[in-house]
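S.K.: The structure under discussion is supplied below as structure tokens; questions concerning it will follow.
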Amino acid sequence: MLSIPDLIRKKRDGGQLTDEEISFIIESVTTKRMQDCQIGAMLMAIWQRGMVAAEIQTLTREMMLSGEVMRWPDEWKRLMVDKHSTGGVGDKVSLVLAPALAACGCKVPMISGRGLAHTGGTLDKLESIPGFNVQQSAEQIRSILASVGCCIVGQTEMLVPADRVLYALRDATSTVDSLPLITGSIISKKGAESLSTLVLDVKFGRAALYKDLESAKQLAQLLMDAGNSLGIQTAAVLSHMNGTIGRYVGNSLEVIESLETLKGNGPDDLMELVTTLGGVLLLMTDLALGLSEGKKQIYDAVIGGAALSKFEAMMKAQGVANETSRTLCSAHTDYYSILRKSEHQLELEAPADGVVLDVNGLVLAQVLHKLGAGRTKAGEAVNYSVGAELLVSLGQRVQKGSSWLRLHYEDPAPSPDQINLLQKALTVGKDKREAGDGDTLVAEVLLPH
């Protein structure tokens with residue numbers, strides 16, 4: 001008979017857990033046979049000692065099988081795709097990519113998360129649209145995919161219940177940054193979606209979980225191996241995350257920028273990520289012959305308006321009133337007639353003449369988080385109207401006193417310290433900026449063997 005304390009001791013002392021032992025642990029987590037203190041001890045043992053590839057793959061599979069696994073019609077099997085991002089600042093890629101993929105013939109059952117710490121959550125962004133319902137049953141998801149081709153929803157009660165328990169305790173026990181636990185959490189949820197193909201946007205840099213390319217690549221490889229071991233074709237895109245993606249950060253503001261992108265007015269960096277991630281998925285599902293053709297198909301779907309039509313249909317299918325959906329998607333609309341606008345705006349001024357060399361995305365996100373755009377613990381409310389608009393781009397020449405950032409806030413108002421932090425996030429220099437990391441976000445594309 002397996003004993004929980006013995007298994008904790010085995011991992012604590014650096015032992016390798018067998019398939020049977022991992023299966024027993026996950027079952028004990030799901031059935032509440034394992035106490036929170038024992039789960040916490042096991043998480044810390046895994047954090048300290050790590051896991052080999054075989055353990056990670058078994059952990060991922062057992063987590064996936066802890067609840068319901070989605071089922072799809074046979075004719076959809078090859079077309080089931082999704083993407084996962086490790087989190088960034090202003091990361092609104094999903095809002096543009098999901099409808100673009102649907103317009104290209106894919107089925108996208110995107111199960112997303114909420115914002116925690118400084119990274120925003122896709123669900124919070126969508127919930128800033130009045131009426132948008134992210135809670136959909138498996139049956140409703142199937143129905144939306146049949147009629148629209150994409151949906152963006154929260155994790156259902158029945159999907160990977162083991163992850164819900166482990167995720168909450170990882171936060172409480174400072175074991176969030178364990179590679180085996182990150183891998184198990186991400187890939188088990190994608191496995192439960194019964195995907196044929198998955199692309200990972202693994203970010204690195206100042207405003208990302210991993211600061212350098214090598215550690216991001218290590219995570220990407222683990223995630224790819226775990227995904228491929230479940231029979232999901234899994235690729236990864238390694239992308240820079242130092243500043244912001246696009247110009248807008250904050251829930252309502254990011255919805256506005258996503259809609260503008262779907263109307264053909266998107267910023268280059270956001271379009272680069274959307275077309276690269278989408279192009280990789282179209283290549284792997286054989287809907288495109290090469291990566292450049294896949295990127296062009298996604299680009300055309302966004303620029304030509306097909307993706308906007310899918311986004312409008314998705315909003316209606318997920319509870320947004322027809323009139324609201326139509327207004328948001330029309331050409332020259334007043335977004336604030338529907339989305340909440342913050343009570344106060346404040347413009348920050350450039351401290352000197354010169355060229356914009358850098359904007360620190362992490363500082364911006366951390367200040368906005370404290371002003372109410374994010375949450376410190378799960379379940380807290382967020383203020384959808386809080387955010388910031390970047391009024392300059394890298395390499396742009398600015399004059400002293402010209403506005404570089406528009407801050408949207410309510411209560412609390414930004415403190416003098418926070419204003420000071422934001423001002424320091426901008427670097428203005430005399431010399432012309434050298435071409436560098438800020439010019440393209442994609443550093444590398446890793447395809448499965």
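In the structure tokens, the first chain shown is A, the next is B, and so on; residue numbers restart at 1 for each chain, and ligands run from 1 in the order shown.
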Listing only residues of range 19-112 of chain A within 12 Å of range 288-295 of chain A, what is the closest atom pair and its distance in Å (to one decimal) for each, using only C-alpha atoms, sorted by chain and residue number ascending, as CSV?
M.R.:
```
residue,atom,partner,partner_atom,distance
A:Leu97,CA,A:Lys295,CA,11.4
A:Ala100,CA,A:Lys295,CA,10.8
A:Leu101,CA,A:Gly294,CA,10.2
A:Cys104,CA,A:Gly294,CA,9.5
A:Gly105,CA,A:Ala288,CA,11.1
A:Cys106,CA,A:Ala288,CA,11.7
```
S.K.: With range 229-234 of chain A as the partner and 10 Å as the cut-off, tabulate the residues of range 60-166 of chain A that qualify, each row holding the nearest pair of atoms and their distance in Å to one decimal, using only C-alpha atoms, sorted by chain and rising number, as CSV.
M.R.:
```
residue,atom,partner,partner_atom,distance
A:Thr60,CA,A:Leu230,CA,8.6
A:Arg61,CA,A:Leu230,CA,7.0
A:Met64,CA,A:Leu230,CA,9.6
A:Met80,CA,A:Ile232,CA,9.9
A:Val81,CA,A:Ile232,CA,9.4
A:Asp82,CA,A:Thr234,CA,9.9
A:Lys83,CA,A:Thr234,CA,9.5
```
S.K.: Could you please determine the separation between CA of Ile46 in chain A and CA of Asp13 in chain A in Å, to one decimal place?
M.R.: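 Those two atoms sit 10.3 Å apart.
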S.K.: Once DSSP has gone over the backbone, tell me which residues of range 117-259 of chain A are in alpha helix (DSSP H), as a PyMOL selection string.
M.R.: chain A and resi 122-127+138-147+161-172+179-192+213-229+251-259
S.K.: Quick one: pick out all strand (DSSP E) residues within range 67-297 of chain A from a backbone DSSP run and write them as number ranges by chain.
M.R.: A: 81-85, 108-111, 150-153, 197-204, 233-240, 248-249
S.K.: Taking N, CA and C atoms for each residue, export the selection above as a CSV table (one decimal), in the first residue's frame.
M.R.:
```csv
chain,number,residue,atom,x,y,z
A,81,VAL,N,-7.0,23.4,-32.6
A,81,VAL,CA,-5.7,24.1,-32.3
A,81,VAL,C,-5.9,25.1,-31.2
A,82,ASP,N,-4.8,25.5,-30.5
A,82,ASP,CA,-4.8,26.5,-29.5
A,82,ASP,C,-3.4,27.0,-29.3
A,83,LYS,N,-3.3,28.1,-28.6
A,83,LYS,CA,-2.0,28.7,-28.3
A,83,LYS,C,-2.0,29.0,-26.8
A,84,HIS,N,-0.8,29.0,-26.2
A,84,HIS,CA,-0.6,29.4,-24.8
A,84,HIS,C,0.5,30.3,-24.7
A,85,SER,N,0.3,31.4,-23.9
A,85,SER,CA,1.4,32.4,-23.7
A,85,SER,C,1.8,32.3,-22.3
A,108,VAL,N,-11.0,26.5,-32.5
A,108,VAL,CA,-10.1,27.0,-31.4
A,108,VAL,C,-10.9,27.0,-30.1
A,109,PRO,N,-10.8,25.9,-29.3
A,109,PRO,CA,-11.4,25.9,-28.0
A,109,PRO,C,-10.5,26.5,-26.9
A,110,MET,N,-10.3,27.9,-27.0
A,110,MET,CA,-9.3,28.5,-26.1
A,110,MET,C,-9.7,28.6,-24.7
A,111,ILE,N,-9.1,27.8,-23.8
A,111,ILE,CA,-9.4,27.9,-22.4
A,111,ILE,C,-8.3,28.7,-21.8
A,150,CYS,N,-14.5,29.5,-33.0
A,150,CYS,CA,-13.6,29.8,-31.8
A,150,CYS,C,-14.5,30.2,-30.6
A,151,CYS,N,-13.9,30.0,-29.5
A,151,CYS,CA,-14.5,30.6,-28.2
A,151,CYS,C,-13.3,30.8,-27.3
A,152,ILE,N,-13.5,31.7,-26.4
A,152,ILE,CA,-12.5,32.0,-25.3
A,152,ILE,C,-13.2,31.9,-24.0
A,153,VAL,N,-12.9,30.8,-23.2
A,153,VAL,CA,-13.7,30.5,-22.0
A,153,VAL,C,-12.7,30.2,-20.8
A,197,THR,N,-3.1,20.2,-32.3
A,197,THR,CA,-1.9,21.1,-32.5
A,197,THR,C,-1.9,22.2,-31.5
A,198,LEU,N,-0.7,22.5,-31.0
A,198,LEU,CA,-0.6,23.6,-30.0
A,198,LEU,C,0.7,24.4,-30.3
A,199,VAL,N,0.6,25.7,-30.2
A,199,VAL,CA,1.8,26.6,-30.2
A,199,VAL,C,1.9,27.3,-28.9
A,200,LEU,N,3.2,27.4,-28.4
A,200,LEU,CA,3.5,28.1,-27.2
A,200,LEU,C,4.2,29.4,-27.5
A,201,ASP,N,3.8,30.5,-26.9
A,201,ASP,CA,4.5,31.7,-26.9
A,201,ASP,C,5.2,31.9,-25.6
A,202,VAL,N,6.5,31.5,-25.7
A,202,VAL,CA,7.4,31.5,-24.5
A,202,VAL,C,8.2,32.8,-24.5
A,203,LYS,N,7.9,33.6,-23.5
A,203,LYS,CA,8.5,35.0,-23.5
A,203,LYS,C,9.7,35.0,-22.6
A,204,PHE,N,10.6,35.9,-22.9
A,204,PHE,CA,11.8,36.1,-22.1
A,204,PHE,C,12.1,37.6,-22.1
A,233,GLN,N,0.7,17.8,-31.4
A,233,GLN,CA,1.9,18.4,-32.1
A,233,GLN,C,2.1,19.7,-31.5
A,234,THR,N,3.3,19.9,-30.9
A,234,THR,CA,3.5,21.1,-30.1
A,234,THR,C,4.8,21.8,-30.6
A,235,ALA,N,4.6,23.1,-30.9
A,235,ALA,CA,5.7,24.0,-31.3
A,235,ALA,C,5.8,25.1,-30.3
A,236,ALA,N,6.9,25.9,-30.4
A,236,ALA,CA,7.1,27.0,-29.6
A,236,ALA,C,7.7,28.2,-30.3
A,237,VAL,N,7.3,29.4,-30.0
A,237,VAL,CA,7.8,30.7,-30.5
A,237,VAL,C,8.5,31.4,-29.3
A,238,LEU,N,9.7,31.7,-29.4
A,238,LEU,CA,10.4,32.4,-28.3
A,238,LEU,C,10.4,33.9,-28.6
A,239,SER,N,9.8,34.7,-27.7
A,239,SER,CA,9.6,36.1,-28.1
A,239,SER,C,10.1,37.0,-26.9
A,240,HIS,N,10.7,38.2,-27.3
A,240,HIS,CA,11.1,39.2,-26.4
A,240,HIS,C,10.0,39.8,-25.6
A,248,TYR,N,-1.4,49.7,-25.8
A,248,TYR,CA,-2.4,49.9,-24.7
A,248,TYR,C,-2.2,48.7,-23.7
A,249,VAL,N,-2.2,49.1,-22.4
A,249,VAL,CA,-2.2,48.1,-21.4
A,249,VAL,C,-3.3,48.4,-20.4
```
S.K.: Using only C-alpha atoms, determine which residues lie at most 9 Å from Arg71 in chain A, disregarding the query and same-chain residues fewer than 6 positions distant; provide the list as a PyMOL selection string.
M.R.: chain A and resi 138+142+193-194
S.K.: Please produce a file of the residues just selected, as a CSV table (one decimal), in the first residue's frame, where the atoms kept are N, CA, C and O atoms.
M.R.:
```csv
chain,number,residue,atom,x,y,z
A,138,ALA,N,-19.2,22.2,-21.5
A,138,ALA,CA,-18.6,21.5,-22.6
A,138,ALA,C,-19.6,21.5,-23.8
A,138,ALA,O,-19.2,21.6,-25.0
A,142,ARG,N,-18.9,23.1,-27.6
A,142,ARG,CA,-19.1,22.4,-28.8
A,142,ARG,C,-20.0,23.1,-29.8
A,142,ARG,O,-19.8,23.2,-31.0
A,193,GLU,N,-8.2,19.6,-23.6
A,193,GLU,CA,-9.0,20.2,-24.7
A,193,GLU,C,-9.0,19.3,-25.9
A,193,GLU,O,-9.6,19.6,-26.9
A,194,SER,N,-8.2,18.1,-25.9
A,194,SER,CA,-8.1,17.2,-27.0
A,194,SER,C,-7.7,17.9,-28.3
A,194,SER,O,-8.3,17.8,-29.3
```
S.K.: Rank A:Leu65, A:Ala45, A:Ala317, A:Leu159 by their smallest atom-to-atom distance to Gln16 in chain A, using only C-alpha atoms, and report the top residue only.
M.R.: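 For Gln16 in chain A, the nearest of the candidates is A:Ala45.
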S.K.: Please identify all polymer residues within 9 Å of range 254-257 of chain A, counting only C-alpha atoms, omitting same-chain residues fewer than 5 positions from it, and present them as a list in words.
M.R.: Gly90, Asp91, Lys92, Leu95, Lys125, Leu126, Ser128, Ile129, Gly246, Arg247, Tyr248, Val249, Leu262, Asn265, Gly266, Pro267, Leu328, Tyr335, Leu339 and Gly387 of chain A
S.K.: Between CA of Val386 in chain A and CA of Val398 in chain A, what is the distance, to one decimal in Å?
M.R.: 25.5 Å
S.K.: Which residues are close to Val93 in chain A, i.e. within 9 Å by only C-alpha atoms, leaving aside same-chain residues fewer than 6 positions away? Reply as a ChimeraX atom specification.
M.R.: /A:85,245,258,270-271,273-274
S.K.: Mind dumping the selected residues with N, CA, C and O atoms as a compact mmCIF listing (two decimals), in the first residue's frame?
M.R.:
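Written file, part13.txt:
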```txt
# COMPACT_ATOMS: atom_id res chain seq x y z
N SER A 85 0.34 31.43 -23.95
CA SER A 85 1.42 32.38 -23.71
C SER A 85 1.85 32.31 -22.25
O SER A 85 1.00 32.14 -21.37
N ILE A 245 3.38 44.94 -25.42
CA ILE A 245 2.94 44.45 -26.73
C ILE A 245 1.84 45.41 -27.19
O ILE A 245 0.82 45.56 -26.52
N SER A 258 -7.33 45.58 -29.55
CA SER A 258 -7.60 44.33 -30.28
C SER A 258 -8.61 44.57 -31.39
O SER A 258 -8.44 44.09 -32.53
N LEU A 270 2.31 43.56 -32.42
CA LEU A 270 1.18 42.66 -32.17
C LEU A 270 0.91 41.80 -33.41
O LEU A 270 0.72 40.58 -33.32
N MET A 271 0.93 42.43 -34.59
CA MET A 271 0.70 41.69 -35.83
C MET A 271 1.79 40.64 -36.08
O MET A 271 1.52 39.54 -36.58
N LEU A 273 3.44 38.93 -33.79
CA LEU A 273 3.16 37.77 -32.92
C LEU A 273 1.96 36.98 -33.44
O LEU A 273 1.99 35.75 -33.50
N VAL A 274 0.88 37.68 -33.80
CA VAL A 274 -0.34 37.01 -34.26
C VAL A 274 -0.06 36.20 -35.52
O VAL A 274 -0.44 35.02 -35.61
```
S.K.: Skipping near chain neighbours, those fewer than 3 positions away, what residues fall within 10 Å of Asp300 in chain A using only C-alpha atoms, listed as a list in words?
M.R.: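 These residues fall inside the cut-off: Ala100, Ala103, Cys104, Gly264, Thr275, Gly294, Lys295, Lys296, Gln297, Ile303, Gly304, Gly305, Ala306 and Ala307 of chain A.
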